[in-house]
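**Q** Dropping a structure here in structure tokens format, bear with me for questions.
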Protein chains: 2
Amino acid sequence: MKNSLIVQKYGGTSVGTLDRIEHVADRISKIRKTGADIVVVVSAMAGETDKLLKMARSLAKNPARREVDLLLSSGERISAALLTIALQARGIPALSLTGRQIGLETDSTHTRARIKSIDCRRARKMLNENHVIVVAGFQGINPEGDVTTLGRGGSDTSAVALAVALGAKQCEIYTDVDGVYTSDPRMVPQARRLDVVSYDEMLEMASLGAKVLQIRCVEFAHKYKMPLIVKSSFKEGDKGTLICEEDPNMEQPVVSGIMCDKNQAKITLKEVPDQPGIAANIFEPLAAASISVDMIIQNVSEQGHTDMSFTLAREELDEAMVIMNKVAKKIHATHVSADAKIAKISIVGAGMRSHSGVAAEIFKTLSANKINILMISTSEIKVSCIIEQKNSKLAVNALHDAFKMADKPVKKKTARKVKAV
Amino acid sequence: MKNSLIVQKYGGTSVGTLDRIEHVADRISKIRKTGADIVVVVSAMAGETDKLLKMARSLAKNPARREVDLLLSSGERISAALLTIALQARGIPALSLTGRQIGLETDSTHTRARIKSIDCRRARKMLNENHVIVVAGFQGINPEGDVTTLGRGGSDTSAVALAVALGAKQCEIYTDVDGVYTSDPRMVPQARRLDVVSYDEMLEMASLGAKVLQIRCVEFAHKYKMPLIVKSSFKEGDKGTLICEEDPNMEQPVVSGIMCDKNQAKITLKEVPDQPGIAANIFEPLAAASISVDMIIQNVSEQGHTDMSFTLAREELDEAMVIMNKVAKKIHATHVSADAKIAKISIVGAGMRSHSGVAAEIFKTLSANKINILMISTSEIKVSCIIEQKNSKLAVNALHDAFKMADKPVKKKTARKVKAV
């Protein structure tokens, strides 16, 4: 008989010390007794990735991404080996696998590679031989045979991709928080944990700076309808937050979460000659350098010139400025400036699809608090505003109150239940 | 025109801090200006391997060797990436390669694997493209695709194997000592650095506990006649010690070095029934566990019973005792005991081939110092004695004096020069 398969991922704080690794080994030991097949994906021990990155940056301002990948991937290999050793010490037949050994093939975009395929033959064979598999997350191998990494939080993506490839029923993400909150509790004391979030909402939240899950992980889960559970490895028996398809029974408030992303920067090009192809001239070199641009504003043209502003992740600001200074010369823009003191406040809710007036409520609330909006962007289930960074805490708390997000929503009655009444 | 190729290896202390890595990058930068092709092999940053091993051992008494290999190999990957980044910051087109990427294939004996082959195609291509190659030493890959390591000091072996495979003229080993000494200067204040040592002598010295080079590295160099130079990366312009074939012009004292190996242990089986096949019963299980036995003594048989003693590396004592306790039951030996308080004193010299009386001089000197000899073993160019560990410093200094090793030998005149006189 085929055993059920459990895929679990433990984050950096969950394997942050030898004691924590022992604790995780004890947890897995318990689950093992149920007879389930177990695949565990681990992150680097907390702090390790930052330590390595700091060393690289002390040697070179912009260390080559290929080398950074080799460097950083060591962290996950270390925790995979250590957890495997801890499991073996408990009499569990465990084996570690690196990104290459788990067959995780990616493209060649170092430090943020995309998964192309997973060849699970070796993992399946090991599971059939009754092994617990401990996988070094965050890493894969490109067609040249070089180590790649999947970007910050990439171990989550490794876990979901493996859960999909191996046909697990769900993927459990263990971290240092006990679920997904309406907002960051350190910033919003009233923040409430959500029991269920839809993929669409989680996707927006992740892309908006909710650090609990990497966006690519949620995309992957969404694409393959793999239910995710986010839990704390520090609490026993906690049910965490389930991330899954929208469902008529699902709690459905208008707004599910408020994010604040301070890791933002804005670049402005002044007096850009306003002619066809100018946007391509600006954004193609950024795309070529794999730099993602978020919001873009082009002012109304004056005397054949226009100003162009866009936002991007702050860690890419230096690289983007080098590129933009070249571009500005080429397209005869008079000036390039950068602003790193901004924040992006975003409100997310699947309920926006059926409720109007959310944007208006946001603008009213910010205005009442004398907070100026620098840029706005909206999607079907999201409204984002760029504001000055110093106003971010005030803005987030005011909006959390305005949308009554601390109150638990009432379960929506299903059609059948309504008939039965 | 084909450039000359230099293969250098930097040990753990030479890349032990970011400052040291910068220093090594500066050195390589200078050599690069001569137009030479450069392959650099690095060890893990000093202390890193021990730190990782300590973590593994805190999780399990005998962590599985496969997992230890994955764990430890991270250390060299980290230093390879960091040195590559430091070289790139100096405008040098450098690329890192792991054991797998350099094509270093080994057998499957985890934690002390043997090199089977090196597929240098990728390295050659990179050299042709004018890259400096930085190789993570100490590691390879076995036929199953798992990471293996070559044992302590294995990075030296990686370097020599690469020098041979790539056709370098010599292999430079940079370390924290400035060459090979007649004895350990911390133990023998009179110890003198040797300018030249033959492979045979170095092989004996390495196998006898001289930590400057791993035995397998010297074997490899000897087999392929690859000259080795041992130098300090902390001194500029130092010529170090050359290890090469014996040569009529070579300095040829009777005795070249005195080693003291405290990393020794002795196991004794008491009252072993003296019958054919008994030695095989004892030593085959040890060989199967890849445990090397050094000296063996079998007492004269009394009433059909004999005592059997043998020595081995101390780190293998625990594993060997587990095996010996099983063997003792099987062969009806009455008792198994271990002694870790011993030391092996060895005198090495190619000159012993043509000089008799070296062993007699050793026994006389030890006896004059009231030092008891527990076991003796000799080879063509070596005499080793097991003594009580507490006597080791006294013994080594007394022998260093007796053989006048602090005095630089006079160059032997060649046959042709003799004729000319």
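Identifiers in the structure tokens: chain A, B, ... in order shown; residue index from 1 per chain; ligand index from 1 in order shown.
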Quick one: chain B onto chain A, least squares on all Cα paired in order, result as a short mmCIF file (atom, residue, chain, number, x, y, z; two decimals) with C-alpha atoms, in the first residue's frame?
**A**
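Full text of result01.cif as output:
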data_model
loop_
_atom_site.label_atom_id
_atom_site.label_comp_id
_atom_site.auth_asym_id
_atom_site.auth_seq_id
_atom_site.Cartn_x
_atom_site.Cartn_y
_atom_site.Cartn_z
CA MET B 1 -0.06 0.00 0.15
CA LYS B 2 1.19 3.44 -0.76
CA ASN B 3 1.87 5.64 2.27
CA SER B 4 0.59 9.19 2.38
CA LEU B 5 3.31 11.72 1.66
CA ILE B 6 4.01 14.76 3.79
CA VAL B 7 6.22 17.57 2.56
CA GLN B 8 7.39 19.97 5.25
CA LYS B 9 9.63 22.96 5.05
CA TYR B 10 11.47 24.41 8.04
CA GLY B 11 12.72 27.97 7.83
CA GLY B 12 15.91 29.51 9.14
CA THR B 13 14.79 30.17 12.71
CA SER B 14 13.25 26.66 12.92
CA VAL B 15 16.72 25.20 12.31
CA GLY B 16 18.59 28.19 13.71
CA THR B 17 20.46 26.38 16.48
CA LEU B 18 21.44 22.81 17.23
CA ASP B 19 18.65 22.74 19.85
CA ARG B 20 16.12 23.80 17.26
CA ILE B 21 17.40 21.13 14.87
CA GLU B 22 16.94 18.53 17.62
CA HIS B 23 13.41 19.87 18.16
CA VAL B 24 12.58 19.55 14.45
CA ALA B 25 14.03 16.02 14.45
CA ASP B 26 11.71 15.15 17.37
CA ARG B 27 8.71 16.51 15.47
CA ILE B 28 9.56 14.48 12.38
CA SER B 29 10.16 11.47 14.56
CA LYS B 30 6.55 11.69 15.82
CA ILE B 31 5.10 12.02 12.32
CA ARG B 32 7.23 9.12 11.18
CA LYS B 33 5.39 6.92 13.69
CA THR B 34 2.16 7.51 11.75
CA GLY B 35 3.75 5.64 8.85
CA ALA B 36 3.73 8.61 6.48
CA ASP B 37 6.43 9.17 3.89
CA ILE B 38 8.25 12.37 4.75
CA VAL B 39 10.19 14.87 2.70
CA VAL B 40 11.68 17.75 4.65
CA VAL B 41 13.05 20.88 3.01
CA VAL B 42 15.32 23.10 5.08
CA SER B 43 16.59 26.65 4.91
CA ALA B 44 20.00 27.79 6.07
CA MET B 45 20.39 28.30 9.81
CA ALA B 46 19.09 31.76 10.70
CA GLY B 47 21.69 34.45 10.10
CA GLU B 48 23.92 32.19 7.98
CA THR B 49 22.84 33.57 4.61
CA ASP B 50 23.29 37.15 5.80
CA LYS B 51 26.70 36.32 7.26
CA LEU B 52 27.88 34.82 3.97
CA LEU B 53 26.45 37.68 1.95
CA LYS B 54 28.16 40.21 4.20
CA MET B 55 31.49 38.47 3.64
CA ALA B 56 30.98 38.53 -0.12
CA ARG B 57 30.08 42.22 -0.06
CA SER B 58 33.11 43.09 2.03
CA LEU B 59 35.26 41.62 -0.77
CA ALA B 60 33.45 43.21 -3.71
CA LYS B 61 30.76 45.87 -4.01
CA ASN B 62 28.78 43.81 -6.50
CA PRO B 63 29.97 40.22 -6.15
CA ALA B 64 29.23 38.08 -9.21
CA ARG B 65 25.89 36.33 -8.84
CA ARG B 66 27.29 32.99 -9.93
CA GLU B 67 29.77 33.05 -7.03
CA VAL B 68 27.15 34.35 -4.59
CA ASP B 69 25.02 31.33 -5.48
CA LEU B 70 27.82 28.89 -4.75
CA LEU B 71 28.47 30.74 -1.51
CA LEU B 72 24.89 30.97 -0.26
CA SER B 73 23.86 27.45 -1.26
CA SER B 74 26.31 26.15 1.36
CA GLY B 75 24.00 27.30 4.14
CA GLU B 76 21.15 24.95 3.20
CA ARG B 77 23.56 22.08 2.60
CA ILE B 78 24.85 22.49 6.14
CA SER B 79 21.39 22.44 7.71
CA ALA B 80 20.28 19.49 5.55
CA ALA B 81 23.29 17.45 6.66
CA LEU B 82 22.81 18.41 10.32
CA LEU B 83 19.09 17.59 10.39
CA THR B 84 19.77 14.27 8.65
CA ILE B 85 22.38 13.44 11.29
CA ALA B 86 19.91 14.37 14.06
CA LEU B 87 17.24 12.11 12.49
CA GLN B 88 19.68 9.22 12.12
CA ALA B 89 20.59 9.62 15.79
CA ARG B 90 16.88 8.92 16.49
CA GLY B 91 17.06 5.68 14.55
CA ILE B 92 15.28 7.14 11.51
CA PRO B 93 16.73 6.13 8.15
CA ALA B 94 17.22 9.61 6.74
CA LEU B 95 19.28 10.82 3.80
CA SER B 96 20.11 14.32 2.64
CA LEU B 97 19.76 15.50 -0.94
CA THR B 98 21.14 18.73 -2.41
CA GLY B 99 19.32 20.76 -5.05
CA ARG B 100 21.21 18.89 -7.75
CA GLN B 101 20.52 15.50 -6.18
CA ILE B 102 16.79 16.16 -5.91
CA GLY B 103 16.90 16.90 -9.64
CA LEU B 104 15.84 20.52 -9.33
CA GLU B 105 16.79 22.16 -12.62
CA THR B 106 16.52 25.90 -13.09
CA ASP B 107 17.25 28.54 -15.66
CA SER B 108 20.55 30.43 -15.45
CA THR B 109 19.38 33.60 -13.68
CA HIS B 110 21.77 33.40 -10.75
CA THR B 111 20.46 34.48 -7.29
CA ARG B 112 16.83 34.33 -8.49
CA ALA B 113 16.61 31.34 -10.78
CA ARG B 114 13.32 29.85 -11.89
CA ILE B 115 12.58 26.16 -11.58
CA LYS B 116 12.37 24.45 -14.97
CA SER B 117 11.85 20.85 -13.91
CA ILE B 118 12.29 18.36 -11.09
CA ASP B 119 13.51 14.87 -11.79
CA CYS B 120 12.29 13.00 -8.70
CA ARG B 121 13.53 9.55 -9.61
CA ARG B 122 16.15 9.43 -6.90
CA ALA B 123 13.78 10.86 -4.28
CA ARG B 124 11.07 8.33 -5.19
CA LYS B 125 13.54 5.48 -4.96
CA MET B 126 14.65 6.67 -1.52
CA LEU B 127 11.05 7.01 -0.34
CA ASN B 128 10.33 3.49 -1.59
CA GLU B 129 13.32 2.34 0.43
CA ASN B 130 11.60 3.89 3.45
CA HIS B 131 13.94 6.84 3.88
CA VAL B 132 13.05 10.24 5.24
CA ILE B 133 14.51 12.70 2.74
CA VAL B 134 16.04 15.95 3.90
CA VAL B 135 16.44 18.41 1.07
CA ALA B 136 18.70 21.45 0.97
CA GLY B 137 16.21 24.10 -0.10
CA PHE B 138 16.70 27.31 -2.05
CA GLN B 139 19.01 25.77 -4.64
CA GLY B 140 19.07 24.04 -7.96
CA ILE B 141 21.35 23.55 -10.88
CA ASN B 142 21.36 25.29 -14.27
CA PRO B 143 21.96 23.73 -17.69
CA GLU B 144 25.71 24.51 -17.37
CA GLY B 145 25.84 22.45 -14.17
CA ASP B 146 26.39 25.50 -11.97
CA VAL B 147 24.60 25.97 -8.66
CA THR B 148 21.75 28.47 -8.76
CA THR B 149 19.56 29.82 -5.97
CA LEU B 150 15.88 30.71 -6.09
CA GLY B 151 16.01 34.07 -4.31
CA ARG B 152 15.13 35.00 -0.75
CA GLY B 153 12.64 32.55 0.71
CA GLY B 154 13.40 30.18 -2.14
CA SER B 155 13.26 27.16 0.16
CA ASP B 156 9.46 27.58 0.28
CA THR B 157 9.41 27.32 -3.48
CA SER B 158 11.64 24.22 -3.36
CA ALA B 159 9.16 22.65 -0.93
CA VAL B 160 6.06 23.39 -3.00
CA ALA B 161 7.74 22.26 -6.21
CA LEU B 162 8.70 18.99 -4.54
CA ALA B 163 5.21 18.53 -3.07
CA VAL B 164 3.79 18.94 -6.58
CA ALA B 165 6.38 16.72 -8.26
CA LEU B 166 5.95 13.97 -5.66
CA GLY B 167 2.15 14.23 -5.53
CA ALA B 168 1.77 15.28 -1.87
CA LYS B 169 -1.70 16.31 -0.68
CA GLN B 170 -0.44 19.51 0.90
CA CYS B 171 2.76 21.32 1.76
CA GLU B 172 3.47 22.51 5.31
CA ILE B 173 5.63 25.58 5.74
CA TYR B 174 7.07 25.87 9.27
CA THR B 175 8.34 29.26 10.20
CA ASP B 176 8.76 31.58 13.19
CA VAL B 177 5.28 33.08 12.82
CA ASP B 178 2.12 31.10 13.38
CA GLY B 179 0.35 32.07 10.19
CA VAL B 180 -0.64 34.88 7.89
CA TYR B 181 -1.89 38.05 9.59
CA THR B 182 -4.09 40.90 8.47
CA SER B 183 -0.99 43.04 8.90
CA ASP B 184 2.48 42.92 10.45
CA PRO B 185 1.77 42.60 14.22
CA ARG B 186 4.97 44.52 15.02
CA MET B 187 3.50 47.47 13.16
CA VAL B 188 -0.20 46.95 13.85
CA PRO B 189 -0.92 45.74 17.41
CA GLN B 190 -4.52 44.92 16.37
CA ALA B 191 -3.42 42.55 13.58
CA ARG B 192 -5.37 39.25 13.50
CA ARG B 193 -4.30 35.86 12.20
CA LEU B 194 -6.27 34.62 9.19
CA ASP B 195 -7.53 31.01 9.20
CA VAL B 196 -7.80 30.82 5.42
CA VAL B 197 -6.47 32.95 2.61
CA SER B 198 -6.97 32.39 -1.11
CA TYR B 199 -4.01 31.96 -3.45
CA ASP B 200 -4.92 35.22 -5.20
CA GLU B 201 -4.87 37.17 -1.97
CA MET B 202 -1.70 35.49 -0.74
CA LEU B 203 -0.05 36.16 -4.06
CA GLU B 204 -0.81 39.85 -3.77
CA MET B 205 0.31 39.88 -0.14
CA ALA B 206 3.57 38.10 -0.93
CA SER B 207 4.35 40.34 -3.87
CA LEU B 208 3.58 43.34 -1.65
CA GLY B 209 6.13 42.58 1.00
CA ALA B 210 4.44 40.07 3.32
CA LYS B 211 7.58 38.12 4.16
CA VAL B 212 5.81 35.00 5.36
CA LEU B 213 5.94 33.35 1.91
CA GLN B 214 7.93 34.00 -1.24
CA ILE B 215 5.75 35.04 -4.18
CA ARG B 216 7.12 32.33 -6.44
CA CYS B 217 6.18 29.72 -3.87
CA VAL B 218 2.56 30.92 -3.88
CA GLU B 219 2.50 31.12 -7.69
CA PHE B 220 3.72 27.56 -7.86
CA ALA B 221 1.15 26.38 -5.31
CA HIS B 222 -1.61 28.25 -7.13
CA LYS B 223 -0.65 26.91 -10.53
CA TYR B 224 -0.74 23.33 -9.29
CA LYS B 225 -3.53 23.84 -6.69
CA MET B 226 -1.22 22.66 -3.92
CA PRO B 227 -2.71 23.65 -0.52
CA LEU B 228 -0.15 25.38 1.70
CA ILE B 229 -0.23 25.49 5.47
CA VAL B 230 1.84 28.12 7.25
CA LYS B 231 2.53 27.25 10.88
CA SER B 232 4.98 27.95 13.65
CA SER B 233 7.52 25.25 14.45
CA PHE B 234 7.68 26.76 17.95
CA LYS B 235 4.05 25.93 18.84
CA GLU B 236 2.57 22.46 19.18
CA GLY B 237 -0.84 21.61 17.74
CA ASP B 238 -1.39 24.99 16.17
CA LYS B 239 -3.43 24.99 12.99
CA GLY B 240 -1.84 28.01 11.31
CA THR B 241 -3.17 29.56 8.12
CA LEU B 242 -4.38 27.52 5.16
CA ILE B 243 -3.72 28.94 1.72
CA CYS B 244 -5.95 27.38 -0.92
CA GLU B 245 -8.44 27.99 -3.70
CA GLU B 246 -11.29 30.40 -3.04
CA ASP B 247 -14.34 28.55 -1.80
CA PRO B 248 -17.95 29.65 -1.19
CA ASN B 249 -17.55 28.62 2.44
CA MET B 250 -14.45 30.66 2.90
CA GLU B 251 -14.48 33.69 5.15
CA GLN B 252 -14.87 36.61 2.82
CA PRO B 253 -14.28 40.02 4.25
CA VAL B 254 -13.88 42.85 1.77
CA VAL B 255 -10.29 43.31 2.81
CA SER B 256 -7.98 40.50 4.04
CA GLY B 257 -4.69 42.23 4.64
CA ILE B 258 -2.73 45.42 4.75
CA MET B 259 0.91 45.27 3.78
CA CYS B 260 3.62 47.84 4.20
CA ASP B 261 6.72 47.41 2.10
CA LYS B 262 9.56 49.71 3.10
CA ASN B 263 11.98 47.90 0.84
CA GLN B 264 11.10 50.26 -1.98
CA ALA B 265 12.88 52.92 -3.94
CA LYS B 266 11.86 55.36 -6.64
CA ILE B 267 13.87 56.57 -9.61
CA THR B 268 12.87 59.69 -11.50
CA LEU B 269 14.12 60.77 -14.92
CA LYS B 270 13.54 64.46 -15.54
CA GLU B 271 12.78 66.08 -18.87
CA VAL B 272 12.74 62.96 -20.99
CA PRO B 273 12.09 63.81 -24.68
CA ASP B 274 8.56 62.52 -25.23
CA GLN B 275 8.78 60.41 -28.36
CA PRO B 276 7.74 56.88 -29.36
CA GLY B 277 9.99 54.14 -28.07
CA ILE B 278 11.29 56.13 -25.13
CA ALA B 279 9.70 53.81 -22.54
CA ALA B 280 11.30 50.82 -24.22
CA ASN B 281 14.67 52.60 -24.10
CA ILE B 282 14.25 53.04 -20.37
CA PHE B 283 12.80 49.71 -19.31
CA GLU B 284 14.42 47.22 -21.67
CA PRO B 285 17.91 47.59 -20.16
CA LEU B 286 16.38 47.05 -16.69
CA ALA B 287 14.57 43.92 -17.85
CA ALA B 288 17.79 42.69 -19.44
CA ALA B 289 19.44 43.01 -16.01
CA SER B 290 16.49 41.08 -14.47
CA ILE B 291 15.43 44.12 -12.45
CA SER B 292 11.69 44.23 -11.83
CA VAL B 293 9.98 47.57 -12.05
CA ASP B 294 6.79 47.96 -10.04
CA MET B 295 4.81 51.18 -10.51
CA ILE B 296 5.44 53.60 -13.36
CA ILE B 297 4.19 57.18 -13.67
CA GLN B 298 4.63 59.36 -16.70
CA ASN B 299 3.70 63.01 -16.30
CA VAL B 300 1.69 64.88 -18.86
CA SER B 301 4.04 66.03 -21.62
CA GLU B 302 5.13 69.68 -21.62
CA GLN B 303 6.90 71.17 -24.60
CA GLY B 304 7.87 67.75 -25.90
CA HIS B 305 9.36 66.68 -22.55
CA THR B 306 8.00 64.55 -19.75
CA ASP B 307 9.13 63.25 -16.33
CA MET B 308 9.14 59.52 -15.75
CA SER B 309 9.13 57.88 -12.28
CA PHE B 310 9.16 54.21 -11.38
CA THR B 311 9.58 52.11 -8.24
CA LEU B 312 11.64 49.00 -7.67
CA ALA B 313 13.05 46.90 -4.84
CA ARG B 314 15.59 48.90 -2.88
CA GLU B 315 18.36 46.29 -3.15
CA GLU B 316 18.27 46.79 -6.90
CA LEU B 317 18.51 50.56 -6.72
CA ASP B 318 22.31 50.76 -7.11
CA GLU B 319 22.38 48.49 -10.12
CA ALA B 320 19.39 50.27 -11.64
CA MET B 321 20.97 53.71 -11.11
CA VAL B 322 24.11 52.61 -12.98
CA ILE B 323 21.90 51.55 -15.88
CA MET B 324 19.67 54.65 -15.72
CA ASN B 325 22.60 57.06 -15.78
CA LYS B 326 23.70 55.45 -19.06
CA VAL B 327 20.14 55.47 -20.42
CA ALA B 328 19.64 59.13 -19.44
CA LYS B 329 22.65 60.16 -21.54
CA LYS B 330 21.44 58.12 -24.48
CA ILE B 331 17.90 59.53 -24.47
CA HIS B 332 18.97 63.06 -23.42
CA ALA B 333 17.07 63.20 -20.14
CA THR B 334 18.38 66.10 -18.08
CA HIS B 335 18.51 64.48 -14.67
CA VAL B 336 18.22 61.15 -12.82
CA SER B 337 17.34 61.02 -9.12
CA ALA B 338 16.73 58.26 -6.59
CA ASP B 339 14.51 58.28 -3.51
CA ALA B 340 14.81 55.40 -1.03
CA LYS B 341 12.68 57.02 1.69
CA ILE B 342 9.35 55.76 0.47
CA ALA B 343 7.00 52.95 1.48
CA LYS B 344 4.27 51.11 -0.34
CA ILE B 345 1.02 50.57 1.57
CA SER B 346 -1.26 47.98 0.00
CA ILE B 347 -4.70 46.69 0.81
CA VAL B 348 -5.62 43.24 -0.46
CA GLY B 349 -8.96 41.48 -0.51
CA ALA B 350 -10.73 39.04 -2.81
CA GLY B 351 -13.92 40.77 -1.63
CA MET B 352 -12.98 43.86 -3.66
CA ARG B 353 -14.22 41.97 -6.71
CA SER B 354 -17.79 42.43 -5.50
CA HIS B 355 -17.41 45.60 -3.40
CA SER B 356 -16.79 49.05 -4.79
CA GLY B 357 -15.57 51.99 -2.79
CA VAL B 358 -12.44 50.42 -1.28
CA ALA B 359 -10.08 52.85 -3.04
CA ALA B 360 -12.25 55.82 -2.03
CA GLU B 361 -12.21 54.64 1.61
CA ILE B 362 -8.39 54.40 1.48
CA PHE B 363 -7.93 57.88 0.04
CA LYS B 364 -10.37 59.32 2.59
CA THR B 365 -8.57 57.65 5.51
CA LEU B 366 -5.09 58.77 4.37
CA SER B 367 -6.31 62.28 3.70
CA ALA B 368 -7.93 62.47 7.16
CA ASN B 369 -4.49 61.62 8.54
CA LYS B 370 -2.77 64.23 6.34
CA ILE B 371 -0.77 61.60 4.48
CA ASN B 372 0.20 62.52 0.94
CA ILE B 373 -0.07 59.84 -1.78
CA LEU B 374 2.88 59.88 -4.22
CA MET B 375 1.79 57.09 -6.58
CA ILE B 376 -1.23 54.79 -6.85
CA SER B 377 -1.67 51.40 -8.46
CA THR B 378 -4.65 49.07 -8.39
CA SER B 379 -5.51 45.56 -9.45
CA GLU B 380 -8.70 43.50 -9.24
CA ILE B 381 -8.11 42.64 -5.56
CA LYS B 382 -5.56 45.25 -4.47
CA VAL B 383 -4.93 48.95 -4.02
CA SER B 384 -1.37 50.20 -3.43
CA CYS B 385 -0.18 53.67 -2.53
CA ILE B 386 3.35 54.98 -2.36
CA ILE B 387 3.75 57.36 0.58
CA GLU B 388 6.62 58.91 2.47
CA GLN B 389 8.26 56.26 4.62
CA LYS B 390 7.91 58.30 7.82
CA ASN B 391 4.11 58.04 7.56
CA SER B 392 3.93 54.29 7.07
CA LYS B 393 3.03 53.17 10.61
CA LEU B 394 0.32 55.78 10.96
CA ALA B 395 -1.13 54.88 7.56
CA VAL B 396 -1.24 51.14 8.15
CA ASN B 397 -2.91 51.43 11.57
CA ALA B 398 -5.44 53.95 10.35
CA LEU B 399 -6.43 51.70 7.43
CA HIS B 400 -6.54 48.57 9.64
CA ASP B 401 -9.05 50.43 11.85
CA ALA B 402 -11.03 51.90 8.95
CA PHE B 403 -11.63 48.47 7.45
CA LYS B 404 -12.37 46.84 10.86
CA MET B 405 -9.81 44.15 10.13
CA ALA B 406 -9.33 43.13 13.76
CA ASP B 407 -12.85 41.68 13.75
CA LYS B 408 -13.21 38.05 12.69
CA PRO B 409 -15.49 37.81 9.65
CA VAL B 410 -18.73 35.79 9.80
CA LYS B 411 -18.75 32.65 7.67
CA LYS B 412 -20.63 33.27 4.47
CA LYS B 413 -23.63 31.00 4.21
CA THR B 414 -23.58 28.67 1.22
CA ALA B 415 -26.38 28.65 -1.32
CA ARG B 416 -27.62 25.27 -0.10
CA LYS B 417 -27.82 26.39 3.52
CA VAL B 418 -29.72 29.48 2.47
CA LYS B 419 -32.26 27.25 0.75
CA ALA B 420 -32.63 25.10 3.83
CA VAL B 421 -33.59 28.10 5.96
#
**Q** I need the residues in range 261-365 of chain B that are alpha helix (DSSP H) according to DSSP; give them as number ranges by chain.
**A** B: 278-288, 317-331, 358-365
**Q** Taking the DSSP secondary structure from the backbone, can you list the residues of range 241-420 of chain B that are strand (DSSP E or B), as JSON, numbers by chain?
**A** {"B": [241, 242, 243, 244, 257, 258, 259, 260, 261, 262, 263, 264, 265, 266, 267, 268, 269, 270, 271, 272, 273, 293, 294, 295, 296, 297, 298, 302, 305, 306, 307, 308, 309, 310, 311, 312, 313, 335, 336, 337, 338, 339, 340, 341, 342, 343, 344, 345, 346, 347, 348, 375, 376, 377, 378, 379, 382, 383, 384, 385, 386, 387, 388]}
